[in-house]
Amino acid sequence: MARNVTTGQKAFWTVCAWTVGIAIFFPIFWTVLTSFKTEAEAVRAPALFDFDWTLENYSTVFDRSPYARHFLNSVVIAVGSTIVALIIAVPAAWAMAFSPTKRTRGLLMWMLSTKMLPPVGVLIPIYLLFRDTGLLDTRTGLVIVMTLVNLPIVIWMLFTYFREIPGEILEAARMDGASLKSEILYVLTPMALPGIASTMLLNVILAWNEAFWTLTLTAANAAPLTAFIASYSSPEGLFYAKLSAASTMAIAPVLILGWFSQKQLVRGLTFGAVK
Amino acid sequence: MGSITLKGVTKRFDDVEVIPPLDLSIEDGEFVVFVGPSGCGKSTLLRLIAGLEDVSGGHIELDGRDVTELPPSKRGLAMVFQSYALYPHMTVRKNIGFPLKMAGLEQSAIDAKVEAAAKVLNLGDYIERRPGQLSGGQRQRVAIGRAIVREPSSFLFDEPLSNLDAALRGTMRLEISELHNTLKTTMVYVTHDQVEAMTMADKIVVLNKGNIEQVGSPLELYKNPVSLFVAGFIGSPAMNMVTGEPAARHGAHTIGVRPEHLRLSTEGGEWSGTVGVAEHLGSDTFLHVEVDGIGTMTARADGEFPARHGDRIGLTPDTARLHRFDAAGAAMTA
Amino acid sequence: MATNHSRSIAKLMVSPSVLLLLAWMIVPLAMTLYFSLQRYNLLYPTQQGFVGFENYAYFLSAPSFWESLFNTLFLVGGVLFVTVVGGILLSLLLDRPIWGQGVVRILVIAPFFVMPTVSALVWKNMFMNPVNGLFSYAAKAVGLAPFDFFGAAPLLSIIFIVSWQWLPFATLILFTAIQSLDGEQVEAAEMDGASALSRFRYIVLPHLARAITVVILIQTIFLLAVFAEILVTTGGGPGSASTNLTFLVYKESLLSFDVGTGSAGGIVAVVLANIVAIFLMRAVGKNLDL
């Protein structure tokens with residue numbers, strides 16, 4: 001904008017924007033805040049900052065419930081499925097980006113369409129299959145499911161990043177005597193590292209927050225945080241401070257990761273339709 | 001050591017045959033230039049030799065060895081790309097050393113060869129920098145260094161100077177020619193610029209729509225073009241083509257005469273015309289003349305020729321240097 | 001670039017993904033179809049048999065089905081409306097010259113990264129609870145009676161929560177699109193005498209059309225499958241007042257263990273998703289050049 005905006009106008013819009021922003025963010029802020037209150041304080045008239053800050057809720061959650069185990073489950077499932085997905089997706093994305101055929105576009109569209117399948121459509125067979133193969137309520141089982149559920153997005157994102165690498169550089173590597181393995185290892189991966197990292201970031205976030213399969217296929221053993229928090233829904237939920245502490249710890253990792261991944265989000269979840 | 005032979009090589013993309021069956025022989029140590037307009041297949045041909053594309057038919061032999069089915073990494077060739085294709089995440093040293101690393105050389109051997117190449121190409125000061133920190137000319141040299149260090153049987157150049165500005169192009173042209181004189185390795189060079197072709201080549205291959213129009217030394221192509229296409233392509237400014245009655249008078253369907261073979265006179269000549277644009281370069285004068293009954297012709301005079309826009313001028317072709325072509329566009333001999 | 005050599009390797013490298021996704025999609029779907037034609041209840045495993053379309057008839061004739069179908073569409077439509085309109089307004093707001101735009105953006109994006117179970121519970125217990133929630137406290141403070149959100153308006157409450165979660169996504173997408181709008185176009189319109197509203201209607205909105213399309217398409221896919229929020233707040237109730245199709249199938253399958261009926265429901269859900277997709281693509285497909 002070439003025109004000068006008056007300070008008054010800027011101030012006005014700033015106030016509006018900040019008000020809306022704070023309003024939207026408020027529930028999260030309130031949760032974090034409440035996690036430091038005692039239960040009595042939490043239920044009492046809402047206090048903003050003048051209360052006795054305490055960490056007792058955090059220790060209660062950890063000591064009196066298997067929170068640590070479920071936190072670990074979340075980590076294992078999110079990171080594990082990301083790594084597995086990457087191993088399968090990198091070659092596929094490489095092939096589609098650098099050796100495209102007439103079918104490539106259709107193939108990609110089909111892969112993305114598998115993500116549009118309503119999960120309930122396959123809930124029963126998957127559930128029964130897992131039950132019969134002993135995968136029910138196991139971290140392995142959930143890693144498998146999370147990998148498959150997010151594979152289309154991982155392939156898609158890697159594909160878009162790989163396509164931005166000039167093909168000539170890979171040809172040069174070939175002329176320089178590089179085998180396929182060397183080409184991917186020494187040339188492609190270093191150049192695509194930012195893209196690969198972004199994809200991994202997005203996948204960790206999506207897997208951490210997934211709330212269908214993690215709720216239906218797990219019980220006490222392999223439940224990640226999504227499911228564990230769900231168990232707070234009955235009387236537990238009314239212990240506001242405890243709920244807040246548990247919630248804060250559950251959302252903190254991904255909230256922080258998410259703040260770094262806005263661009264990746266747009267690229268990954270809109271399938272490149274918006275740039 | 002570095003001979004390349006193409007036998008009946010064809011290339012089809014889907015149903016389009018971009019290169020009909022083609023035969024070509026390149027001797028060891030020759031500097032061969034593939035030249036032609038955009039889309040004539042010169043880059044495709046180069047990539048077929050390199051192995052980056054598969055042939056649809058025919059054979060490619062390197063030193064008598066059939067390499068048609070071999071992947072690029074096993075052909076012992078080196079290529080310099082138009083965009084240099086340097087590895088952006090590696091230093092100059094690592095870029096140049098990469099092919100040696102792929103060949104499994106020991107680090108000490110690699111270092112020695114990289115230093116040697118860097119010295120030849122004057123890259124010593126930049127050896128720890130990344131490509132992003134280098135200028136176009138420097139990047140080009142790194143690309144060449146990376147090719148040299150492999151000691152290939154032949155070098156392939158894919159329009160390496162197109163991305164450089166005019167002044168740099170001139171210097172690099174000389175450097176590449178000198179490189180050829182020093183290394184004496186076969187070089188196959190693709191360009192659309194016929195000046196590059198004429199100045200650098202031992203042998204020029206003129207391509208048109210996948211077909212070889214003519215193969216010969218620069219002077220041969222200049223003096224004896226076998227077709228209208230070659231005649232019009234080689235030489236700058238381009239040869240003047242005349243059809244109709246003035247051509248018939250010389251016994252041909254089309255005659256061609258180069259701007260430098262037209263004698264200019266203020267007292268008239270075989271053809272007369274009015275000067276349109278006159279370009280005075282000091283060393284030469286180029287006149288674009290509206291010739292009566294023929295059209296626009298370009299004439300060149302040595303040094304300073306005092307003609308101006310609107311002057312009447314006479315042009316006479318040097319009959320010994322006149323080119324005659326039949327109706328099919330082929331040169332008529334004798 | 002492509003040689004026979006590299007092409008055959010390429011096929012090899014793509015095949016694991018293709019095979020896995022095929023297996024993931026085709027095999028279970030086929031099994032669901034198979035089960036839907038069977039009478040099969042996990043509580044009575046001995047009573048099995050082919051029953052044709054009986055399960056479908058049973059599922060589709062239950063009043064809870066029609067209610068959940070309506071709820072599904074209402075939920076999707078409601079959230080779409082709130083997030084698209086809200087997203088447009090928010091992204092316009094963020095596009096203004098303001099101080100600290102980066103921070104505001106972070107604040108606005110945050111809800112998307114909160115896992116659905118946490119956000120549902122936090123809203124239900126800490127805000128909407130009629131006894132201790134923040135909303136009830138605010139109401140009492142101004143002399144109003146607290147509102148029993150989940151008792152009186154379960155579906156709307158869920159729509160509210162889900163909208164809060166998805167508003168950031170819509171805003172982010174639309175904001176990215178707005179930033180790509182050529183400022184000069186808008187200035188030219190201003191020179192031509194267009195009012196702010198006209199400028200928005202004739203220049204900004206058409207530019208956003210593609211992004212809006214994408215937001216609607218993507219969100220619809222996910223909104224049809226809303227599950228955790230319902231599970232954790234109302235459990236579908238009271239009755240089926242807040243049950244959507246996904247939850248209904250879940251209830252049948254994993255709570256009643258009626259595999260046959262549940263499978264029929266699952267197929268119905270798939271069909272619905274396809275219908276909605278086709279409908280959407282047709283209505284809105286001209287904005288995308290896929």
# chains A, B, ... in the order shown; residues from 1 in each chain; ligands from 1
$ interface_residues --of "chain A" --to "chain C" --cutoff "6 Å" --atoms "only C-alpha atoms" --output "list of chain:residue names"
A:Lys10, A:Thr14, A:Gly21, A:Phe25, A:Pro91, A:Ala92, A:Ala95, A:Ser99, A:Met116, A:Pro118, A:Val120, A:Gly121, A:Val122, A:Pro125, A:Asn209, A:Ala211, A:Thr226, A:Ala230, A:Ser233, A:Ser247, A:Ile251, A:Leu255
$ residues_around --residues "Glu151 in chain B" --least-positions-apart "4" --cutoff "12 Å" --atoms "only C-alpha atoms" --output "VMD selection string"
(chain A and resid 176) or (chain B and resid 1 to 2 76 to 79 99 to 100 103 113 to 114 117 144 to 147 155 183 to 186)
$ interface_residues --of "chain B" --to "chain C" --cutoff "10 Å" --atoms "only C-alpha atoms" --output "PyMOL selection string"
chain B and resi 47-48+51-55+69-71
$ interface_residues --of "chain B" --to "chain A" --cutoff "6 Å" --atoms "only C-alpha atoms" --output "PDB file with C-alpha atoms, in the first residue's frame"
ATOM      1  CA  PRO B  72      24.751 -42.926 -17.991  1.00  0.00           C
ATOM      2  CA  SER B  73      26.929 -43.738 -15.023  1.00  0.00           C
ATOM      3  CA  ALA B  85      23.528 -28.313 -12.411  1.00  0.00           C
ATOM      4  CA  PRO B  99      32.367 -38.003  -9.366  1.00  0.00           C
ATOM      5  CA  MET B 102      31.297 -42.070  -6.767  1.00  0.00           C
TER       6      MET B 102
END
$ residues_around --residues "range 214-217 of chain B" --least-positions-apart "2" --cutoff "8 Å" --atoms "only C-alpha atoms" --output "count of residues only"
14
$ select_by_dssp --residues "range 11-258 of chain C" --states "strand (DSSP E or B)" --output "compact mmCIF listing (two decimals) with N, CA and C atoms, in the first residue's frame"
# COMPACT_ATOMS: atom_id res chain seq x y z
N GLN C 38 -24.71 -59.79 6.11
CA GLN C 38 -24.78 -60.92 7.03
C GLN C 38 -25.51 -60.51 8.29
N ARG C 39 -26.05 -61.52 8.94
CA ARG C 39 -26.55 -61.24 10.26
C ARG C 39 -25.43 -61.70 11.18
N TYR C 40 -24.82 -60.78 11.90
CA TYR C 40 -23.63 -61.13 12.68
C TYR C 40 -23.56 -60.19 13.86
N ASN C 41 -23.71 -60.76 15.02
CA ASN C 41 -23.59 -59.96 16.24
C ASN C 41 -22.53 -60.60 17.12
N TYR C 44 -23.64 -62.79 19.88
CA TYR C 44 -24.24 -64.08 19.56
C TYR C 44 -23.53 -64.66 18.35
N PRO C 45 -22.26 -65.04 18.53
CA PRO C 45 -21.47 -65.42 17.36
C PRO C 45 -21.97 -66.65 16.63
N THR C 46 -22.82 -67.44 17.24
CA THR C 46 -23.26 -68.64 16.54
C THR C 46 -24.36 -68.35 15.54
N GLN C 47 -25.05 -67.25 15.76
CA GLN C 47 -26.15 -66.96 14.84
C GLN C 47 -25.65 -66.13 13.68
N GLN C 48 -25.27 -66.81 12.59
CA GLN C 48 -24.80 -66.07 11.44
C GLN C 48 -25.54 -66.52 10.21
N GLY C 49 -25.55 -65.69 9.21
CA GLY C 49 -26.18 -66.11 7.97
C GLY C 49 -26.39 -64.94 7.02
N PHE C 50 -26.53 -65.31 5.78
CA PHE C 50 -26.74 -64.29 4.77
C PHE C 50 -28.16 -63.76 4.85
N ASP C 258 -23.27 -55.05 17.05
CA ASP C 258 -24.04 -55.58 15.94
C ASP C 258 -23.29 -55.34 14.66
$ residues_around --residues "Pro306 in chain B" --least-positions-apart "6" --cutoff "10 Å" --atoms "only C-alpha atoms" --output "mmCIF file with N, CA and C atoms, in the first residue's frame"
data_model
loop_
_atom_site.group_PDB
_atom_site.id
_atom_site.type_symbol
_atom_site.label_atom_id
_atom_site.label_comp_id
_atom_site.auth_asym_id
_atom_site.auth_seq_id
_atom_site.Cartn_x
_atom_site.Cartn_y
_atom_site.Cartn_z
ATOM 1 N N THR B 266 28.337 3.079 -56.323
ATOM 2 C CA THR B 266 27.382 4.171 -56.492
ATOM 3 C C THR B 266 27.025 4.350 -57.954
ATOM 4 N N ALA B 278 21.375 1.941 -42.685
ATOM 5 C CA ALA B 278 22.818 1.772 -42.866
ATOM 6 C C ALA B 278 23.463 1.665 -41.495
ATOM 7 N N HIS B 280 26.840 1.620 -39.460
ATOM 8 C CA HIS B 280 28.277 1.910 -39.577
ATOM 9 C C HIS B 280 28.976 1.463 -38.317
ATOM 10 N N THR B 285 30.627 -2.003 -42.642
ATOM 11 C CA THR B 285 29.383 -1.270 -42.840
ATOM 12 C C THR B 285 28.350 -2.252 -43.354
#
$ atom_distance --atom1 "CA of Thr199 in chain B" --atom2 "CA of Pro317 in chain B"
25.9 Å
$ atom_distance --atom1 "CA of Asp158 in chain B" --atom2 "CA of Tyr189 in chain B"
6.3 Å
$ atom_distance --atom1 "CA of Thr199 in chain A" --atom2 "CA of Val76 in chain A"
17.4 Å
$ residues_around --residues "Ile205 in chain A" --least-positions-apart "5" --cutoff "8 Å" --atoms "only C-alpha atoms" --output "NGL selection string"
(:A and (78 or 254 or 257-258)) or (:C and (113))
$ write_last_selection --atoms "C-alpha atoms" --output "tab-separated table (two decimals), in the first residue's frame"
chain	number	residue	atom	x	y	z
A	78	ALA	CA	3.26	-40.08	16.28
A	254	VAL	CA	1.96	-30.01	19.28
A	257	LEU	CA	5.33	-27.53	16.86
A	258	GLY	CA	2.28	-26.16	15.16
C	113	PHE	CA	-3.52	-27.76	17.13
